[in-house]
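Have a look at data-v6.txt below; it lists compact mmCIF, C-alpha atoms.
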```
# COMPACT_ATOMS: atom_id res chain seq x y z
CA MET A 1 136.38 64.75 175.34
CA GLU A 2 137.41 68.37 175.12
CA GLU A 3 134.77 69.04 172.44
CA LYS A 4 132.06 68.25 174.99
CA LEU A 5 133.30 70.72 177.60
CA PRO A 6 131.29 73.98 177.76
CA LYS A 7 133.02 76.98 176.21
CA TYR A 8 132.25 79.03 179.33
CA LEU A 9 134.05 76.58 181.66
CA PRO A 10 137.25 78.69 181.96
CA VAL A 11 135.19 81.76 182.91
CA VAL A 12 133.30 79.84 185.59
CA GLY A 13 136.55 78.39 186.89
CA ALA A 14 138.17 81.81 187.08
CA ILE A 15 135.18 83.27 188.95
CA VAL A 16 135.10 80.39 191.44
CA SER A 17 138.85 80.72 191.94
CA LEU A 18 138.56 84.46 192.57
CA LEU A 19 135.65 84.11 195.00
CA THR A 20 137.39 81.31 196.89
CA SER A 21 140.58 83.35 197.23
CA VAL A 22 138.71 86.48 198.37
CA ILE A 23 136.74 84.52 200.98
CA GLY A 24 139.95 82.88 202.15
CA TYR A 25 141.72 86.22 202.51
CA MET A 26 138.82 87.79 204.38
CA THR A 27 138.73 84.78 206.70
CA ILE A 28 142.43 85.15 207.52
CA VAL A 29 142.18 88.83 208.45
CA LYS A 30 139.34 88.31 210.94
CA LYS A 31 140.13 90.09 214.20
CA ASN A 32 138.21 87.78 216.55
CA ASP A 33 140.97 86.24 218.71
CA ILE A 34 138.79 83.31 219.79
CA GLU A 35 138.26 82.19 216.21
CA LYS A 36 141.61 83.41 214.91
CA HIS A 37 143.28 79.99 214.69
CA GLU A 38 140.33 78.28 213.03
CA SER A 39 139.80 81.26 210.70
CA THR A 40 143.45 81.33 209.66
CA THR A 41 143.47 77.61 208.90
CA LEU A 42 140.25 77.85 206.89
CA GLY A 43 141.45 80.99 205.13
CA TYR A 44 144.72 79.44 203.99
CA SER A 45 142.84 76.35 202.85
CA LEU A 46 140.50 78.48 200.74
CA LEU A 47 143.42 80.46 199.34
CA PHE A 48 145.14 77.19 198.41
CA ILE A 49 142.00 75.87 196.71
CA GLY A 50 141.54 79.16 194.85
CA SER A 51 145.16 79.09 193.68
CA VAL A 52 144.85 75.50 192.47
CA LEU A 53 141.67 76.35 190.57
CA LEU A 54 143.39 79.33 188.97
CA ILE A 55 146.33 77.16 187.88
CA VAL A 56 143.92 74.60 186.42
CA VAL A 57 142.12 77.34 184.47
CA ILE A 58 145.43 78.70 183.13
CA ILE A 59 146.58 75.21 182.09
CA TYR A 60 143.24 74.58 180.39
CA LEU A 61 143.41 77.88 178.50
CA ILE A 62 146.97 77.08 177.35
CA TYR A 63 145.78 73.66 176.20
CA ILE A 64 142.86 75.15 174.26
CA TYR A 65 145.15 77.71 172.64
CA LYS A 66 147.66 75.06 171.56
CA ARG A 67 144.92 72.75 170.32
CA GLU A 68 143.35 75.46 168.16
CA LYS A 69 146.77 76.53 166.91
CA ASN A 70 147.62 72.95 165.95
CA LYS A 71 144.25 72.60 164.24
CA ARG A 72 144.93 75.73 162.20
CA VAL A 73 148.34 74.36 161.24
CA ILE A 74 146.75 71.07 160.14
CA ILE A 75 144.09 72.89 158.11
CA GLU A 76 146.69 75.10 156.47
CA GLY A 77 148.75 72.01 155.70
CA VAL A 78 145.81 70.24 154.11
CA LEU A 79 144.93 73.30 152.05
CA LYS A 80 148.56 73.64 151.03
CA ASN A 81 148.59 70.03 149.87
CA VAL A 82 145.30 70.50 148.04
CA THR A 83 146.59 73.61 146.32
CA ILE A 84 150.17 72.47 145.75
CA SER A 85 150.48 68.70 145.51
CA ILE A 86 148.29 66.15 143.79
CA ASP A 87 149.86 63.42 141.69
CA GLY A 88 153.23 65.07 142.25
CA LYS A 89 152.16 68.35 140.62
CA PRO A 90 150.35 71.48 141.82
CA ILE A 91 146.60 71.05 141.57
CA MET A 92 146.36 74.31 139.66
CA SER A 93 148.92 72.98 137.19
CA ILE A 94 146.96 69.76 136.79
CA ASN A 95 143.72 71.67 136.36
CA GLN A 96 145.33 73.96 133.81
CA GLU A 97 146.92 70.98 132.09
CA ASN A 98 143.52 69.31 131.80
CA LEU A 99 141.90 72.51 130.56
CA ASN A 100 144.65 73.06 127.98
CA ARG A 101 144.26 69.60 126.45
CA THR A 102 142.65 69.44 123.02
CA VAL A 103 140.00 67.05 124.38
CA GLN A 104 137.43 68.91 126.49
CA ASN A 105 133.70 69.16 127.14
CA ASP A 106 133.40 72.29 125.03
CA ASP A 107 131.17 70.31 122.64
CA PHE A 108 128.48 70.52 125.31
CA LYS A 109 126.61 73.25 127.11
CA LEU A 110 126.16 71.95 130.65
CA ILE A 111 122.83 73.05 132.13
CA ASN A 112 122.70 71.10 135.36
CA THR A 113 124.99 68.73 137.26
CA THR A 114 124.60 66.89 140.55
CA ASN A 115 127.67 65.54 142.33
CA THR A 116 126.83 63.03 145.08
CA VAL A 117 129.70 62.00 147.35
CA THR A 118 129.42 59.23 149.94
CA ILE A 119 132.17 58.88 152.54
CA GLU A 120 132.08 55.77 154.71
CA GLY A 121 135.10 55.16 156.89
CA LYS A 122 138.08 55.32 154.53
CA ASP A 123 136.08 54.73 151.34
CA LEU A 124 134.98 57.40 148.85
CA ASP A 125 132.09 56.89 146.40
CA VAL A 126 131.50 59.60 143.78
CA GLU A 127 128.57 60.08 141.38
CA PHE A 128 128.00 62.74 138.73
CA ASP A 129 124.68 63.25 136.92
CA SER A 130 125.01 65.78 134.07
CA LYS A 131 122.40 67.26 131.73
CA GLY A 132 122.82 69.71 128.88
CA VAL A 133 122.74 70.35 125.12
CA ARG A 134 125.23 69.47 122.40
CA VAL A 135 126.66 72.59 120.71
CA ALA A 136 129.50 71.06 118.63
CA ASN A 137 130.14 67.69 117.01
CA ASN A 138 133.68 66.60 117.87
CA MET A 139 133.38 64.17 120.81
CA ALA A 140 131.63 60.79 121.03
CA GLY A 141 130.99 61.12 124.75
CA TYR A 142 131.19 63.22 127.89
CA ILE A 143 134.38 63.88 129.91
CA TYR A 144 134.88 63.71 133.68
CA ASN A 145 137.82 64.35 135.97
CA ILE A 146 138.53 61.52 138.45
CA SER A 147 140.92 62.13 141.33
CA GLY A 148 141.84 60.59 144.67
CA ASP A 149 144.71 60.49 147.16
CA LYS A 150 145.39 56.81 146.50
CA PHE A 151 146.63 55.55 143.15
CA ILE A 152 144.47 52.84 141.64
CA PRO A 153 145.19 51.76 138.05
CA PHE A 154 142.32 52.68 135.79
CA THR A 155 141.89 49.04 134.77
CA ASP A 156 141.30 48.14 138.45
CA LEU A 157 139.06 51.10 139.23
CA ASP A 158 135.41 50.39 139.99
CA CYS A 159 134.07 52.93 137.50
CA TYR A 160 131.12 52.87 135.12
CA GLY A 161 128.68 55.22 133.43
CA PHE A 162 125.23 55.38 131.84
CA ASP A 163 123.71 57.23 128.90
CA LEU A 164 120.50 58.10 130.74
CA LEU A 165 118.84 59.64 127.70
CA GLN A 166 118.98 56.30 125.85
CA ASP A 167 119.00 54.09 128.95
CA PRO A 168 116.99 55.77 131.74
CA ASN A 169 116.65 52.49 133.69
CA LYS A 170 120.44 51.96 133.81
CA ALA A 171 120.26 48.57 132.14
CA HIS A 172 123.47 48.95 130.09
CA ASP A 173 126.49 50.18 132.00
CA ILE A 174 129.30 51.81 130.02
CA LYS A 175 133.02 51.40 130.74
CA PRO A 176 134.62 54.87 130.52
CA VAL A 177 137.66 55.39 128.31
CA LEU A 178 140.89 56.80 129.79
CA LEU A 179 141.99 59.97 127.97
CA SER A 180 144.84 61.17 130.19
CA GLN A 181 147.81 59.58 131.92
CA ASP A 182 146.90 56.97 134.52
CA GLY A 183 147.80 58.87 137.71
CA LEU A 184 146.09 60.06 140.86
CA SER A 185 144.17 62.45 138.61
CA LYS A 186 142.53 60.96 135.52
CA GLN A 187 140.42 62.30 132.68
CA VAL A 188 137.89 59.81 131.31
CA LEU A 189 135.27 59.75 128.57
CA VAL A 190 131.79 58.21 128.97
CA PRO A 191 130.72 57.28 125.40
CA PHE A 192 127.11 57.79 124.36
CA LEU A 193 125.10 54.69 123.45
CA LYS A 194 123.76 56.66 120.49
CA SER A 195 125.23 59.72 118.82
CA VAL A 196 123.75 63.00 120.08
CA PRO A 197 122.87 65.40 117.22
CA LEU A 198 123.67 69.11 117.39
CA GLN A 199 121.33 71.17 119.58
CA HIS A 200 119.90 68.00 121.11
CA PRO A 201 119.95 67.22 124.84
CA TYR A 202 122.21 64.72 126.58
CA HIS A 203 122.01 63.11 130.03
CA VAL A 204 125.07 61.26 131.34
CA TYR A 205 125.90 59.57 134.65
CA ILE A 206 129.22 58.30 136.03
CA TYR A 207 130.18 56.46 139.23
CA TRP A 208 133.57 55.61 140.69
CA LYS A 209 134.81 54.25 143.99
CA TYR A 210 138.13 54.98 145.68
CA PRO A 211 138.63 52.53 148.57
CA ASP A 212 140.87 53.25 151.55
CA CYS A 213 141.70 56.84 150.53
CA MET A 214 140.01 58.93 153.24
CA GLN A 215 141.47 59.52 156.68
CA THR A 216 140.10 60.39 160.09
CA GLY A 217 140.89 63.85 161.40
CA ILE A 218 141.00 66.62 158.79
CA ASP A 219 140.49 65.62 155.16
CA TYR A 220 138.95 67.02 151.98
CA TYR A 221 137.05 66.35 148.77
CA THR A 222 137.62 68.38 145.60
CA CYS A 223 134.94 69.02 142.97
CA SER A 224 135.99 70.21 139.50
CA LEU A 225 134.62 69.98 135.96
CA SER A 226 136.44 69.65 132.64
CA TYR A 227 135.62 72.84 130.74
CA ASN A 228 137.79 75.41 129.00
CA ASP A 229 135.32 78.30 128.60
CA ASN A 230 135.91 81.05 131.17
CA SER A 231 132.41 82.40 130.65
CA ALA A 232 130.56 79.07 130.86
CA THR A 233 128.35 78.58 133.91
CA THR A 234 125.95 75.94 135.15
CA ALA A 235 123.63 75.01 137.99
CA GLN A 236 125.53 72.67 140.28
CA THR A 237 124.47 70.70 143.35
CA VAL A 238 126.97 68.87 145.55
CA LYS A 239 125.65 66.35 148.09
CA LEU A 240 128.09 65.17 150.74
CA VAL A 241 126.81 62.04 152.48
CA PHE A 242 128.81 60.97 155.52
CA LYS A 243 128.33 57.58 157.08
CA LYS A 244 129.93 56.96 160.46
CA PRO A 245 132.10 58.56 161.68
CA PHE A 246 130.18 61.81 161.13
CA PRO A 247 132.05 65.10 160.58
CA LYS A 248 132.31 67.75 163.30
CA TRP A 249 132.18 70.48 160.66
CA VAL A 250 132.34 71.03 156.89
CA ARG A 251 133.87 74.14 155.32
CA VAL A 252 133.79 75.21 151.69
CA TYR A 253 136.76 76.76 149.92
CA GLU A 254 137.07 77.94 146.34
CA VAL A 255 140.27 77.96 144.31
CA GLU A 256 140.58 80.83 141.88
CA LYS A 257 143.70 82.36 140.31
CA GLY A 258 145.92 80.14 142.43
CA MET A 259 144.42 81.35 145.72
CA THR A 260 142.44 79.22 148.18
CA ASN A 261 139.80 81.15 150.12
CA GLN A 262 137.19 79.97 152.60
CA PHE A 263 133.83 81.47 151.76
CA LYS A 264 131.29 79.55 153.87
CA ALA A 265 130.59 76.79 156.35
CA LEU A 266 128.06 74.12 155.42
CA GLN A 267 125.18 73.23 157.71
CA LYS A 268 123.57 69.79 157.96
CA HIS A 269 120.82 69.23 155.41
CA ALA A 270 119.51 65.94 156.85
CA GLN A 271 120.54 63.34 159.40
CA ASN A 272 119.48 59.92 160.65
CA GLU A 273 121.16 57.11 162.59
CA ASP A 274 123.09 55.90 159.55
CA CYS A 275 124.24 59.05 157.78
CA VAL A 276 124.36 62.83 157.72
CA THR A 277 123.95 64.83 154.50
CA TYR A 278 125.35 68.26 153.60
CA MET A 279 124.02 70.09 150.54
CA ASP A 280 125.83 72.79 148.56
CA GLU A 281 123.89 74.42 145.73
CA TYR A 282 125.11 76.84 143.06
CA PRO A 283 122.48 78.29 140.70
CA ASN A 284 125.18 79.76 138.45
CA ILE A 285 128.78 78.59 138.97
CA ASN A 286 131.75 79.07 136.63
CA LEU A 287 132.72 75.72 135.12
CA LYS A 288 136.46 76.33 135.64
CA LYS A 289 136.14 76.92 139.37
CA ILE A 290 137.48 74.31 141.81
CA ILE A 291 135.52 73.75 145.02
CA ILE A 292 137.18 72.17 148.07
CA TYR A 293 135.16 70.65 150.91
CA LEU A 294 137.25 70.47 154.05
CA PHE A 295 135.98 68.52 157.06
CA GLU A 296 137.04 66.93 160.32
CA ARG A 297 135.87 63.52 161.53
```
Using structure tokens, write down the structure from this file.
Amino acid sequence: MEEKLPKYLPVVGAIVSLLTSVIGYMTIVKKNDIEKHESTTLGYSLLFIGSVLLIVVIIYLIYIYKREKNKRVIIEGVLKNVTISIDGKPIMSINQENLNRTVQNDDFKLINTTNTVTIEGKDLDVEFDSKGVRVANNMAGYIYNISGDKFIPFTDLDCYGFDLLQDPNKAHDIKPVLLSQDGLSKQVLVPFLKSVPLQHPYHVYIYWKYPDCMQTGIDYYTCSLSYNDNSATTAQTVKLVFKKPFPKWVRVYEVEKGMTNQFKALQKHAQNEDCVTYMDEYPNINLKKIIIYLFER
């Protein structure tokens, strides 16, 4: 309800309170003896009304202040959890642990990736579509990081991929292979249907669904890629599709060198009765950077 109240309401209330009190005071000090009794009664009534309005304005301002303060505390808490605790370990430690593993995507030069996220109620659906060129010949597939706030064993996870270069019509789904420990954060490999020669292109797709992991209020989605090269960059597009309830706002944070910094607020890209879409595009993003999308529903 409070979100629908005009931001200028306290100012209007204060002005009305002041005018009412002034009129009441001027009415009381009238010198006309004939109207003195009526004027005094009216004056005190106006003063009382003005005082009540002023008290209401003060209470409302205190409420707004506390609400915004609590919201900041919640946001800071969420960011702290994002930065500090995922799967019982700091997210930066997990990210570094993944990047330090011998199995990485360094066999591939990523040229373009699209991450489509659909949030409906408490459910999270994630899609990655990745294109690039093979530059080394060590891995038999492409690696993705899968993470969520709810633990689902990998064997129970609704997760599949496609080798779109060999199977553009998505006729043969591929079951990814688990490379890491089976925790809240997982590293999986999508095998190619056919070996990709050196300096040849690849095109891989993966989908996974985390049910009952999103919450109303303030929540987040984290986008990260599994690369070890500090200098590697790519074009990246992130599409956030919200089905009801829609978010009040979406903010973008980047995690770099252990620090979480807000650097922009996302605006709606498209909306209809069923969903609202936010689009975040990076023409040249570092592959080791973690992007956090914070929102309130």
Query - Interatomic distance (Å, one decimal) between atom CA of A:Asn137 and atom CA of A:Asp163 - result: 17.1 Å
**Report entry** Option closest in space to A:Leu294, from A:Ala235, A:Leu178, A:Val241, A:Ile218 [counting only C-alpha atoms]
**Finding:** A:Ile218
Query raised in the report: What is the atom CA of A:Leu179 to atom CA of A:Tyr282 distance in Å?
Result: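 Atom-to-atom, atom CA of A:Leu179 and atom CA of A:Tyr282 are spaced 28.2 Å apart.
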Query - Option closest in space to A:Phe246, from A:Phe295, A:Phe48, A:Tyr220, A:Tyr142 [counting all atoms listed in the file] - result: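 The shortest atom-to-atom distance to A:Phe246 comes from A:Phe295.
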Report task. For A:Asp156, list every protein, DNA or RNA residue within 12 Å, evaluated using only C-alpha atoms, and leave out those in the same chain fewer than 2 positions away; present the list as a PyMOL selection string. Result -> chain A and resi 151-154+158-160+175+182+208-211
May I have the residues from that selection written out with C-alpha atoms, as a compact mmCIF listing (two decimals), in the frame of the given file?
```txt
# COMPACT_ATOMS: atom_id res chain seq x y z
CA PHE A 151 146.63 55.55 143.15
CA ILE A 152 144.47 52.84 141.64
CA PRO A 153 145.19 51.76 138.05
CA PHE A 154 142.32 52.68 135.79
CA ASP A 158 135.41 50.39 139.99
CA CYS A 159 134.07 52.93 137.50
CA TYR A 160 131.12 52.87 135.12
CA LYS A 175 133.02 51.40 130.74
CA ASP A 182 146.90 56.97 134.52
CA TRP A 208 133.57 55.61 140.69
CA LYS A 209 134.81 54.25 143.99
CA TYR A 210 138.13 54.98 145.68
CA PRO A 211 138.63 52.53 148.57
```
